[in-house]
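Listing of model32.cif, mmCIF, C-alpha atoms
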```cif
data_structure
loop_
_atom_site.label_atom_id
_atom_site.label_comp_id
_atom_site.auth_asym_id
_atom_site.auth_seq_id
_atom_site.Cartn_x
_atom_site.Cartn_y
_atom_site.Cartn_z
CA MET W 1 -16.68 -25.30 3.57
CA GLN W 2 -19.85 -26.10 5.50
CA THR W 3 -21.10 -23.34 7.80
CA ASN W 4 -23.65 -23.38 10.61
CA PHE W 5 -24.88 -19.86 11.12
CA THR W 6 -28.35 -19.30 12.56
CA LEU W 7 -30.99 -17.30 10.70
CA ALA W 8 -30.61 -14.58 13.32
CA GLN W 9 -26.87 -14.40 12.67
CA LEU W 10 -27.40 -14.28 8.90
CA ALA W 11 -29.65 -11.25 9.36
CA ASP W 12 -26.41 -9.32 10.00
CA PRO W 13 -25.17 -8.26 6.53
CA ASP W 14 -21.54 -8.75 7.57
CA ILE W 15 -22.18 -12.30 8.75
CA GLU W 16 -24.13 -12.99 5.57
CA ALA W 17 -21.13 -11.79 3.54
CA ALA W 18 -18.73 -13.86 5.65
CA ASN W 19 -20.91 -16.93 5.18
CA GLY W 20 -20.71 -16.60 1.40
CA ILE W 21 -16.94 -16.24 1.54
CA LEU W 22 -16.42 -19.17 3.92
CA ARG W 23 -18.58 -21.52 1.86
CA LYS W 24 -16.33 -21.00 -1.16
CA CYS W 25 -13.26 -22.42 0.59
CA VAL W 26 -12.57 -26.04 -0.46
CA HIS W 27 -9.66 -26.70 1.97
CA CYS W 28 -7.27 -27.32 -0.95
CA GLY W 29 -4.30 -25.65 0.77
CA PHE W 30 -2.90 -24.00 -2.35
CA CYS W 31 -2.77 -20.77 -0.34
CA THR W 32 -0.25 -22.20 2.12
CA ALA W 33 2.47 -22.35 -0.53
CA THR W 34 2.35 -18.60 -1.20
CA CYS W 35 1.52 -17.26 2.28
CA PRO W 36 4.56 -15.39 3.68
CA THR W 37 3.78 -16.16 7.32
CA PHE W 38 3.22 -19.87 6.71
CA VAL W 39 6.38 -20.09 4.60
CA THR W 40 8.28 -18.36 7.41
CA LEU W 41 6.72 -20.01 10.48
CA GLY W 42 5.36 -23.33 9.18
CA ASP W 43 2.28 -23.10 11.42
CA GLU W 44 -1.03 -24.06 9.80
CA LEU W 45 -2.79 -21.40 11.87
CA ASP W 46 -0.53 -18.81 10.26
CA SER W 47 -1.80 -19.77 6.81
CA PRO W 48 -4.96 -18.42 5.17
CA ARG W 49 -6.63 -21.82 5.48
CA GLY W 50 -5.83 -22.00 9.18
CA ARG W 51 -7.04 -18.49 9.82
CA ILE W 52 -10.25 -19.21 7.91
CA TYR W 53 -11.00 -22.09 10.32
CA LEU W 54 -10.36 -19.84 13.31
CA ILE W 55 -12.55 -17.08 11.87
CA LYS W 56 -15.37 -19.50 11.04
CA ASP W 57 -15.44 -20.89 14.59
CA MET W 58 -15.27 -17.39 16.08
CA LEU W 59 -18.16 -16.04 13.99
CA GLU W 60 -20.39 -19.10 14.39
CA SER W 61 -20.00 -19.21 18.18
CA SER W 62 -20.55 -15.47 18.67
CA ALA W 63 -18.15 -15.88 21.59
CA PRO W 64 -15.66 -13.21 22.67
CA VAL W 65 -12.64 -13.15 20.39
CA SER W 66 -9.91 -15.33 21.90
CA ASP W 67 -6.25 -14.44 22.29
CA LYS W 68 -5.48 -17.29 19.90
CA VAL W 69 -7.56 -15.79 17.10
CA VAL W 70 -6.07 -12.35 17.69
CA LYS W 71 -2.52 -13.71 17.64
CA HIS W 72 -2.86 -15.41 14.26
CA VAL W 73 -4.98 -12.72 12.61
CA ASP W 74 -2.53 -10.06 13.78
CA ARG W 75 0.24 -12.01 12.06
CA CYS W 76 -1.59 -11.80 8.72
CA LEU W 77 -0.01 -9.20 6.42
CA SER W 78 -3.11 -8.80 4.23
CA CYS W 79 -0.70 -9.25 1.32
CA LEU W 80 -3.49 -11.10 -0.56
CA SER W 81 -1.08 -13.51 -2.21
CA CYS W 82 -3.53 -16.24 -1.19
CA MET W 83 -6.23 -14.63 -3.32
CA THR W 84 -3.99 -14.75 -6.37
CA THR W 85 -3.33 -18.44 -5.72
CA CYS W 86 -6.83 -19.57 -4.67
CA PRO W 87 -8.58 -21.63 -7.38
CA ALA W 88 -11.96 -21.09 -5.68
CA SER W 89 -11.72 -17.26 -5.62
CA VAL W 90 -12.19 -17.05 -1.85
CA ASP W 91 -12.51 -13.38 -0.88
CA TYR W 92 -10.04 -13.60 1.98
CA MET W 93 -9.41 -9.83 2.01
CA HIS W 94 -12.92 -8.92 3.10
CA LEU W 95 -13.13 -11.86 5.50
CA VAL W 96 -10.01 -10.82 7.42
CA ASP W 97 -11.11 -7.16 7.31
CA LEU W 98 -14.40 -8.17 8.96
CA THR W 99 -12.47 -10.15 11.57
CA ARG W 100 -10.25 -7.20 12.41
CA ILE W 101 -13.32 -5.04 12.92
CA ARG W 102 -14.75 -7.68 15.28
CA ILE W 103 -11.45 -7.81 17.18
CA ALA W 104 -11.24 -4.03 17.49
CA LYS W 105 -14.81 -3.81 18.81
CA THR W 106 -14.83 -6.75 21.23
CA HIS W 107 -11.29 -7.69 22.27
CA LYS W 108 -9.34 -5.97 25.05
CA ARG W 109 -5.71 -5.79 24.01
CA PRO W 110 -2.79 -5.45 26.43
CA PHE W 111 -2.23 -1.82 27.42
CA GLY W 112 1.06 -1.40 25.53
CA ASP W 113 -0.30 -2.90 22.31
CA GLN W 114 -3.45 -0.79 22.39
CA LEU W 115 -1.47 2.35 23.19
CA MET W 116 0.81 1.77 20.20
CA ARG W 117 -2.18 1.28 17.90
CA ASN W 118 -3.84 4.42 19.22
CA VAL W 119 -0.68 6.45 18.64
CA LEU W 120 -0.30 5.14 15.08
CA ALA W 121 -3.93 5.97 14.29
CA LEU W 122 -3.60 9.47 15.77
CA VAL W 123 -0.30 10.32 14.06
CA LEU W 124 0.40 8.54 10.76
CA PRO W 125 -2.70 9.63 8.77
CA TYR W 126 -2.02 13.30 9.52
CA PRO W 127 1.07 14.77 7.79
CA ASN W 128 1.68 17.64 10.22
CA ARG W 129 1.47 15.36 13.27
CA PHE W 130 3.60 12.75 11.54
CA ARG W 131 6.30 15.28 10.64
CA ILE W 132 6.52 16.43 14.27
CA ALA W 133 6.64 12.81 15.44
CA LEU W 134 9.52 12.08 13.07
CA ILE W 135 11.50 14.97 14.51
CA GLY W 136 11.07 13.40 17.95
CA ALA W 137 11.95 9.98 16.56
CA TRP W 138 15.14 11.37 15.06
CA PHE W 139 16.35 12.42 18.52
CA ALA W 140 15.26 9.11 20.10
CA LYS W 141 16.79 6.91 17.38
CA PRO W 142 20.09 6.25 19.24
CA PHE W 143 18.07 4.57 22.01
CA ALA W 144 16.14 2.22 19.71
CA LYS W 145 17.95 -0.90 20.92
CA ILE W 146 16.96 -0.45 24.56
CA LEU W 147 13.31 0.42 23.93
CA PRO W 148 10.39 -2.07 23.59
CA LYS W 149 10.52 -4.01 20.32
CA ALA W 150 7.62 -2.29 18.58
CA LEU W 151 8.80 1.20 19.55
CA GLY W 152 12.41 0.38 18.71
CA GLY W 153 11.36 -1.04 15.36
CA MET W 154 9.39 2.11 14.59
CA LEU W 155 12.39 4.32 15.40
CA LYS W 156 14.66 2.27 13.14
CA LEU W 157 12.31 2.95 10.24
CA ALA W 158 12.42 6.71 10.79
CA PRO W 159 14.34 8.46 7.98
CA THR W 160 17.64 10.17 8.70
CA LYS W 161 16.43 13.30 6.89
CA ILE W 162 13.04 14.93 7.35
CA SER W 163 11.84 16.87 4.31
CA SER W 164 9.97 20.15 4.40
CA PRO W 165 6.37 20.17 3.14
CA SER W 166 6.12 20.30 -0.64
CA ALA W 167 4.12 23.03 -2.32
CA ILE W 168 2.73 20.41 -4.70
CA ASP W 169 0.66 18.84 -1.89
CA ARG W 170 -1.44 21.99 -1.32
CA PRO W 171 -4.95 22.23 -2.84
CA GLN W 172 -4.54 23.53 -6.39
CA THR W 173 -4.89 22.83 -10.09
CA ILE W 174 -1.76 22.27 -12.16
CA SER W 175 -2.23 22.83 -15.88
CA ALA W 176 -1.24 20.31 -18.50
CA GLU W 177 1.73 21.07 -20.69
CA ASN W 178 0.67 21.62 -24.29
CA THR W 179 -2.68 20.01 -25.17
CA LYS W 180 -4.83 18.78 -22.30
CA VAL W 181 -5.94 15.18 -22.84
CA LYS W 182 -7.08 14.23 -19.33
CA ARG W 183 -8.24 15.89 -16.12
CA VAL W 184 -7.26 13.89 -13.06
CA ALA W 185 -7.32 14.25 -9.28
CA LEU W 186 -4.21 13.18 -7.36
CA LEU W 187 -4.31 11.55 -3.93
CA THR W 188 -1.27 13.09 -2.23
CA GLY W 189 -1.47 10.65 0.66
CA CYS W 190 -0.43 11.10 4.26
CA ALA W 191 2.79 9.35 5.28
CA GLN W 192 4.21 9.49 1.75
CA GLN W 193 4.17 13.25 1.47
CA VAL W 194 6.22 13.38 4.70
CA LEU W 195 8.60 10.48 4.05
CA ASP W 196 9.32 11.24 0.39
CA PRO W 197 7.58 14.31 -1.08
CA VAL W 198 9.61 13.90 -4.27
CA ILE W 199 7.21 11.11 -5.32
CA ASN W 200 4.23 13.45 -5.64
CA GLU W 201 6.38 16.08 -7.34
CA ALA W 202 7.61 13.53 -9.90
CA THR W 203 4.05 12.28 -10.42
CA VAL W 204 2.74 15.76 -11.20
CA ARG W 205 5.61 16.48 -13.59
CA LEU W 206 5.07 13.16 -15.36
CA LEU W 207 1.31 13.61 -15.71
CA THR W 208 1.33 17.27 -16.78
CA ARG W 209 4.13 16.57 -19.28
CA HIS W 210 1.89 13.97 -20.88
CA GLY W 211 -1.19 16.17 -21.16
CA CYS W 212 -2.93 15.76 -17.80
CA GLU W 213 -4.42 18.61 -15.82
CA VAL W 214 -3.82 17.60 -12.19
CA VAL W 215 -6.12 18.65 -9.37
CA VAL W 216 -5.17 18.38 -5.71
CA ALA W 217 -8.57 18.55 -4.01
CA ASN W 218 -9.23 20.65 -0.94
CA GLY W 219 -10.31 18.52 2.03
CA MET W 220 -8.69 15.33 0.79
CA GLY W 221 -6.61 13.36 3.30
CA CYS W 222 -5.55 9.86 4.25
CA CYS W 223 -7.25 7.12 2.23
CA GLY W 224 -8.18 5.26 5.43
CA ALA W 225 -6.05 2.17 4.80
CA LEU W 226 -3.99 2.46 7.96
CA VAL W 227 -6.91 2.48 10.40
CA HIS W 228 -8.95 0.15 8.18
CA HIS W 229 -6.35 -2.60 8.57
CA MET W 230 -6.40 -2.12 12.34
CA GLY W 231 -10.14 -2.77 12.34
CA ARG W 232 -11.03 0.82 13.25
CA GLU W 233 -14.09 0.87 11.02
CA ASP W 234 -15.60 4.21 12.02
CA GLU W 235 -12.34 6.09 11.48
CA ALA W 236 -11.69 4.39 8.15
CA HIS W 237 -15.20 5.22 6.91
CA MET W 238 -14.87 8.83 8.06
CA GLN W 239 -11.62 9.25 6.12
CA ALA W 240 -13.14 7.58 3.06
CA LYS W 241 -16.18 9.86 3.19
CA ASN W 242 -14.01 12.98 3.51
CA ASN W 243 -12.19 11.98 0.33
CA ILE W 244 -15.40 11.17 -1.51
CA ILE W 245 -16.79 14.62 -0.68
CA ALA W 246 -13.55 16.33 -1.76
CA TRP W 247 -13.40 14.49 -5.08
CA GLU W 248 -17.11 15.02 -5.76
CA LYS W 249 -16.60 18.78 -5.41
CA VAL W 250 -13.70 18.63 -7.86
CA SER W 251 -15.83 16.61 -10.25
CA ASP W 252 -18.67 19.14 -10.00
CA SER W 253 -16.37 21.82 -11.43
CA GLY W 254 -15.44 19.65 -14.43
CA SER W 255 -15.45 15.98 -15.34
CA LEU W 256 -12.69 13.78 -13.94
CA ASP W 257 -11.07 11.12 -16.10
CA ALA W 258 -9.43 9.44 -13.12
CA ILE W 259 -8.44 9.66 -9.49
CA VAL W 260 -4.73 8.93 -9.66
CA ILE W 261 -2.89 7.18 -6.84
CA ASN W 262 0.86 6.61 -6.68
CA ALA W 263 0.92 4.41 -3.55
CA SER W 264 -0.49 1.01 -4.39
CA GLY W 265 -1.58 0.31 -0.81
CA CYS W 266 -3.79 3.41 -0.94
CA GLY W 267 -5.03 2.46 -4.39
CA THR W 268 -6.21 -0.94 -3.21
CA THR W 269 -8.21 0.71 -0.43
CA VAL W 270 -9.78 3.51 -2.51
CA LYS W 271 -10.75 0.98 -5.17
CA ASP W 272 -12.57 -0.84 -2.34
CA TYR W 273 -14.57 2.16 -1.07
CA GLY W 274 -17.66 0.81 -2.79
CA TYR W 275 -17.46 -2.40 -0.75
CA MET W 276 -16.45 -0.66 2.48
CA LEU W 277 -19.53 1.58 2.41
CA ARG W 278 -21.92 -0.92 0.79
CA ASN W 279 -24.19 -1.05 3.87
CA GLU W 280 -24.67 2.73 4.08
CA PRO W 281 -27.49 3.73 1.68
CA ASP W 282 -26.47 7.38 1.48
CA TRP W 283 -22.89 6.50 0.55
CA ALA W 284 -22.85 3.17 -1.29
CA ASP W 285 -23.40 4.49 -4.82
CA ARG W 286 -21.18 7.52 -4.29
CA ALA W 287 -18.36 5.35 -2.97
CA ALA W 288 -18.71 2.89 -5.84
CA ALA W 289 -18.47 5.77 -8.34
CA ILE W 290 -15.22 6.96 -6.74
CA SER W 291 -13.81 3.43 -6.74
CA ALA W 292 -14.61 3.09 -10.43
CA LEU W 293 -12.65 6.27 -11.21
CA THR W 294 -9.57 5.24 -9.24
CA LYS W 295 -6.42 4.22 -11.09
CA ASP W 296 -2.80 3.64 -10.22
CA VAL W 297 -0.51 6.14 -11.92
CA THR W 298 0.89 3.34 -14.09
CA GLU W 299 -2.62 2.57 -15.37
CA VAL W 300 -3.04 6.17 -16.46
CA MET W 301 0.41 6.30 -18.04
CA SER W 302 -0.33 3.06 -19.88
CA ASP W 303 -3.24 4.86 -21.57
CA LEU W 304 -0.86 7.62 -22.67
CA GLU W 305 2.24 7.33 -24.81
CA LEU W 306 5.36 7.74 -22.68
CA THR W 307 7.64 10.33 -24.25
CA ARG W 308 11.17 9.19 -23.62
CA THR W 309 13.90 11.85 -23.92
CA ARG W 310 16.78 10.34 -21.96
CA ALA W 311 19.07 8.00 -23.84
CA GLU W 312 21.16 7.15 -20.77
CA THR W 313 18.36 5.08 -19.24
CA THR W 314 19.36 2.21 -21.53
CA GLU W 315 22.50 1.84 -19.44
CA LEU W 316 20.60 1.15 -16.21
CA ARG W 317 19.52 -2.23 -14.93
CA ILE W 318 16.47 -2.01 -12.67
CA ALA W 319 15.01 -4.67 -10.36
CA TYR W 320 11.26 -4.27 -10.16
CA HIS W 321 9.64 -5.13 -6.83
CA SER W 322 5.91 -5.53 -7.30
CA ALA W 323 4.16 -4.47 -4.09
CA CYS W 324 1.59 -6.96 -2.82
CA SER W 325 -1.11 -4.31 -3.09
CA MET W 326 -0.10 -3.84 -6.72
CA GLN W 327 0.13 -7.43 -7.94
CA HIS W 328 -2.36 -9.13 -5.60
CA GLY W 329 -4.63 -6.27 -4.50
CA GLN W 330 -5.05 -4.41 -7.80
CA LYS W 331 -3.94 -7.23 -10.14
CA LEU W 332 -1.52 -4.87 -11.93
CA LYS W 333 1.35 -7.10 -12.98
CA THR W 334 2.46 -5.97 -16.43
CA GLU W 335 1.83 -2.21 -16.60
CA PRO W 336 4.69 -0.97 -14.38
CA LYS W 337 7.25 -3.27 -15.99
CA ALA W 338 6.11 -2.37 -19.50
CA LEU W 339 6.46 1.33 -18.72
CA LEU W 340 9.94 0.90 -17.27
CA LYS W 341 10.98 -1.00 -20.39
CA ALA W 342 9.43 1.67 -22.61
CA ALA W 343 11.49 4.20 -20.65
CA GLY W 344 14.61 2.36 -21.74
CA PHE W 345 15.52 0.50 -18.56
CA GLU W 346 16.53 -3.14 -18.52
CA VAL W 347 14.09 -4.70 -16.07
CA PHE W 348 14.61 -7.74 -13.85
CA GLU W 349 12.45 -9.43 -11.25
CA PRO W 350 13.71 -11.20 -8.11
CA ALA W 351 13.00 -14.79 -7.14
CA GLU W 352 9.98 -15.20 -4.83
CA GLY W 353 8.52 -11.99 -6.23
CA HIS W 354 5.08 -12.99 -4.92
CA LEU W 355 6.23 -12.86 -1.28
CA CYS W 356 5.69 -9.74 0.84
CA CYS W 357 8.62 -7.58 1.92
CA GLY W 358 7.11 -7.26 5.41
CA SER W 359 6.03 -3.63 5.24
CA ALA W 360 2.24 -4.06 4.99
CA GLY W 361 1.15 -0.70 6.36
CA THR W 362 1.96 -0.73 10.08
CA TYR W 363 2.93 -4.41 10.13
CA ASN W 364 6.66 -3.67 10.33
CA ILE W 365 5.95 -1.66 13.48
CA LEU W 366 3.45 -3.99 15.15
CA GLN W 367 5.15 -7.26 14.10
CA PRO W 368 8.83 -6.20 13.84
CA GLU W 369 10.43 -9.65 14.13
CA LEU W 370 8.37 -11.27 11.36
CA ALA W 371 8.61 -8.14 9.23
CA THR W 372 12.39 -8.11 9.50
CA LYS W 373 12.64 -11.78 8.49
CA LEU W 374 10.52 -11.11 5.41
CA ARG W 375 12.46 -7.94 4.60
CA ASP W 376 15.81 -9.71 4.80
CA ARG W 377 14.52 -12.53 2.60
CA LYS W 378 13.33 -9.98 0.03
CA VAL W 379 16.61 -8.04 0.14
CA ALA W 380 18.65 -11.23 -0.26
CA ASN W 381 16.70 -12.12 -3.41
CA LEU W 382 17.08 -8.60 -4.81
CA ASN W 383 20.80 -8.57 -4.10
CA LYS W 384 21.25 -11.69 -6.23
CA LEU W 385 20.47 -9.50 -9.24
CA ASP W 386 23.14 -7.38 -10.88
CA VAL W 387 21.22 -4.09 -10.94
CA HIS W 388 21.77 -0.39 -10.31
CA ALA W 389 18.54 0.21 -8.37
CA VAL W 390 15.23 -1.25 -7.23
CA ALA W 391 11.93 0.27 -8.38
CA THR W 392 8.60 -0.13 -6.61
CA GLY W 393 5.21 1.58 -6.63
CA ASN W 394 4.50 1.74 -2.90
CA ILE W 395 6.08 3.99 -0.28
CA GLY W 396 5.83 1.32 2.44
CA CYS W 397 7.81 -1.18 0.39
CA GLN W 398 10.28 1.53 -0.56
CA MET W 399 11.04 2.39 3.07
CA GLN W 400 11.08 -1.25 4.20
CA ILE W 401 13.42 -2.51 1.48
CA SER W 402 15.61 0.59 1.75
CA SER W 403 16.22 -0.14 5.43
CA GLY W 404 17.31 -3.67 4.53
CA MET W 405 19.48 -2.48 1.67
CA ALA W 406 21.19 0.00 3.99
CA GLU W 407 22.14 -2.84 6.34
CA ALA W 408 23.16 -5.20 3.54
CA GLY W 409 25.08 -2.63 1.49
CA GLY W 410 22.70 -2.91 -1.45
CA VAL W 411 21.44 -0.55 -4.13
CA PRO W 412 19.01 2.37 -3.69
CA VAL W 413 15.24 1.91 -3.87
CA VAL W 414 13.23 4.46 -5.84
CA HIS W 415 9.61 4.90 -6.78
CA THR W 416 8.72 3.74 -10.29
CA VAL W 417 7.29 7.17 -11.10
CA GLU W 418 10.65 8.84 -10.36
CA LEU W 419 12.28 6.73 -13.06
CA LEU W 420 9.50 7.42 -15.56
CA ASP W 421 9.72 11.14 -14.81
CA TRP W 422 13.49 11.14 -15.33
CA ALA W 423 13.26 9.13 -18.55
CA SER W 424 10.75 11.60 -20.00
CA GLY W 425 12.61 14.79 -19.11
CA GLY W 426 12.51 15.21 -15.34
CA PRO W 427 15.42 15.36 -12.92
CA LYS W 428 17.52 12.31 -12.18
CA PRO W 429 16.55 10.74 -8.81
CA ALA W 430 19.05 11.99 -6.20
CA SER W 431 19.71 8.48 -4.90
CA LEU W 432 21.06 7.50 -8.35
CA ASP W 433 23.72 10.21 -8.43
CA TYR W 434 26.35 7.58 -7.73
CA ILE W 435 25.67 6.04 -11.14
CA LYS W 436 27.81 7.52 -13.90
CA VAL W 437 26.10 7.37 -17.27
CA ASN W 438 26.49 9.35 -20.45
CA ASP W 439 24.59 12.62 -20.15
CA VAL W 440 23.04 12.46 -23.60
CA THR W 441 19.45 13.30 -24.51
CA LYS W 442 17.51 12.61 -27.66
CA ILE W 443 13.94 12.83 -28.83
#
```
Could you show the structure in this file as C-alpha cells?
Amino acid sequence: MQTNFTLAQLADPDIEAANGILRKCVHCGFCTATCPTFVTLGDELDSPRGRIYLIKDMLESSAPVSDKVVKHVDRCLSCLSCMTTCPASVDYMHLVDLTRIRIAKTHKRPFGDQLMRNVLALVLPYPNRFRIALIGAWFAKPFAKILPKALGGMLKLAPTKISSPSAIDRPQTISAENTKVKRVALLTGCAQQVLDPVINEATVRLLTRHGCEVVVANGMGCCGALVHHMGREDEAHMQAKNNIIAWEKVSDSGSLDAIVINASGCGTTVKDYGYMLRNEPDWADRAAAISALTKDVTEVMSDLELTRTRAETTELRIAYHSACSMQHGQKLKTEPKALLKAAGFEVFEPAEGHLCCGSAGTYNILQPELATKLRDRKVANLNKLDVHAVATGNIGCQMQISSGMAEAGGVPVVHTVELLDWASGGPKPASLDYIKVNDVTKI
C-alpha cells in the first residue's frame, strides 16, 4: 500500500511504525474471509482491509478522528485472525492498537459510552473493586432487560455465585512436590481470580505436582490488557511497569525459568510488553526481558512430562475451543490439544474454530449485539459435537461460551488446566459432577 506521510509526521516513532505496517498491505482481501465482523456484517469497513484504509487516511490527514473511524475500529475484536491469514504478514495488531490510542486521546465519545469505559477501567483490573461490583450486579441482574444495552449485557454476564478470595492469590512461594525442576512466577490476573479462582488453584497444583516452585510476586496486578485495548496507553504502561518491577524483584532472589500465565489474553499482552514500552529507554530492555520469559501454562507443561493418574479420563469427550489470543495472538495451536490427549481425553474441535466467540476482553460489554451473535454461532458449532464438556484456556471465552451454553442447554465449559490437574491427581472439576465415570485410578 502506498503511503504519503510527511517527513515531519515520520519523525513520530508511532507514525513511522504505522507507515511500515501499512506499506506491507497488498489489498489481497484474504483477511476478509476470516474476520468475524466482516463474516457477520458483510461490510468492507468492518474487515481488516477496510479498517486499514480508514486508519491510513486518518493518520495521513492528521485530522480529528471521525465518528466513522471510531465506529468501525470499535467493532474490531482484536482477535488477530487476520494476522494468521495474511500472506504479507501485516502487523494489524499494533496498527489497531495505535489507532485506539489516537482515538482515546483525541476523540470525544458520547457521555454514556465514555462513562462505561471509565467504569470498566476503574473496576475490572482491581479484584477487590470487581468483587464488590459483582455483588451489586447480582442484585441488579433481574432488571437487566430494562437497562441500557451495554449495562444490561454486563449484568447478564455476571456470575450467579461470587467466590471468596483464594489464599493461592496472595504473595507467596509454593514449593515443588518432590524434586524441583523449575522456578516460575504465576500471573494470578485480575478478573479471573474473582470470576473463577479455581483456575489459579488448579494451575498451582498442576505445576507443583510436576516439579515447579511457584512464586506469586508481591506488587503484581492486572497485565494491562483491558485498558490497553481501550487505548488508555498511560494506564496500560503503568500496569505493565508494576508487573515488571514485581517480577524483577522475584528474579533477584533466584533465577526464574518462566512467567506462567493461564489466561491467554493476558499472555498475549505480557509477551508484547517489549513492543509496548519500546519507546521508553529506561524500560524497553527490561520489558523485552519479561516478554521473553513469559509462557502460557500449556507451554510450560509441554516441556514437562504430564503424569496421568486418572484412568476415567479416557471416557470423556472434550471439545477444545482455542481462544483467539491463544491461536492467533500467541500462535499456540497444538500444545493444549496434545496435553489434553496425553491426559487421556478424546479431543474434538468445532467447525469455524478460527472465529472469535465474541468475548474479546470488554467487547461483549461494549458491543453486546455483535458479541451475542458471535457467541451463539460459536455455541451452535460446539453443540454439533457429541462431547461431555468444552475446554478453553482463557477466562473471557469461558464466561462468554458458558453464558451461551446456559441458554442453549449445552455442556459445561472448563479451563484446560482444570482437566490437566484432574487427570494428574487433582480434584474433578465441580461442573463435571453430572458425568458418571468409573472411579478408577492407575499409575
* To do: Anything within 6 Å of (-1.7, -6.5, 6.4): list those residues as a ChimeraX atom specification, counting only C-alpha atoms and sticking to the file's coordinates.
  => /W:76-79,360
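Nearest residue to Asp285 of chain W among W:Val39, W:Met301, W:Ile244, W:Val387 is W:Ile244, counting all atoms listed in the file.
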Within 12 Å of segment 288-295 of chain W, which residues of segment 328-424 of chain W come that close, and what is the closest atom pair and distance in Å for each? Count all atoms listed in the file and give it as JSON lines.
```
{"residue": "W:Gln330", "atom": "CA", "partner": "W:Lys295", "partner_atom": "CA", "distance": 9.3}
{"residue": "W:Lys331", "atom": "CA", "partner": "W:Lys295", "partner_atom": "CA", "distance": 11.8}
{"residue": "W:Leu332", "atom": "CA", "partner": "W:Lys295", "partner_atom": "CA", "distance": 10.4}
{"residue": "W:Glu335", "atom": "CA", "partner": "W:Lys295", "partner_atom": "CA", "distance": 11.8}
```
* **Non-local contacts of Ala246 of chain W (7 Å; all atoms listed in the file; under 2 positions in same chain excluded) as a VMD selection string** => chain W and resid 217 to 220 242 to 244 248 to 250
* To do: Name the residues captured by the PyMOL selection byres ((chain W and resi 306) around 10) when it is applied to the shown file; answer as a ChimeraX atom specification.
  => /W:206-207,209-210,301-305,307-309,339-340,342-343,420-421,423-424
* To do: Please provide the set of residues having any atom within 12 Å of Glu235 of chain W, restricted to only C-alpha atoms, with same-chain residues fewer than 2 positions apart removed, written as a list in words.
  => Ile101, Ala104, Asn118, Ala121, Leu122, Pro125, Cys222, Cys223, Gly224, Ala225, Leu226, Val227, His228, His229, Met230, Gly231, Arg232, Glu233, His237, Met238, Gln239, Ala240, Lys241, Asn242 and Met276 of chain W
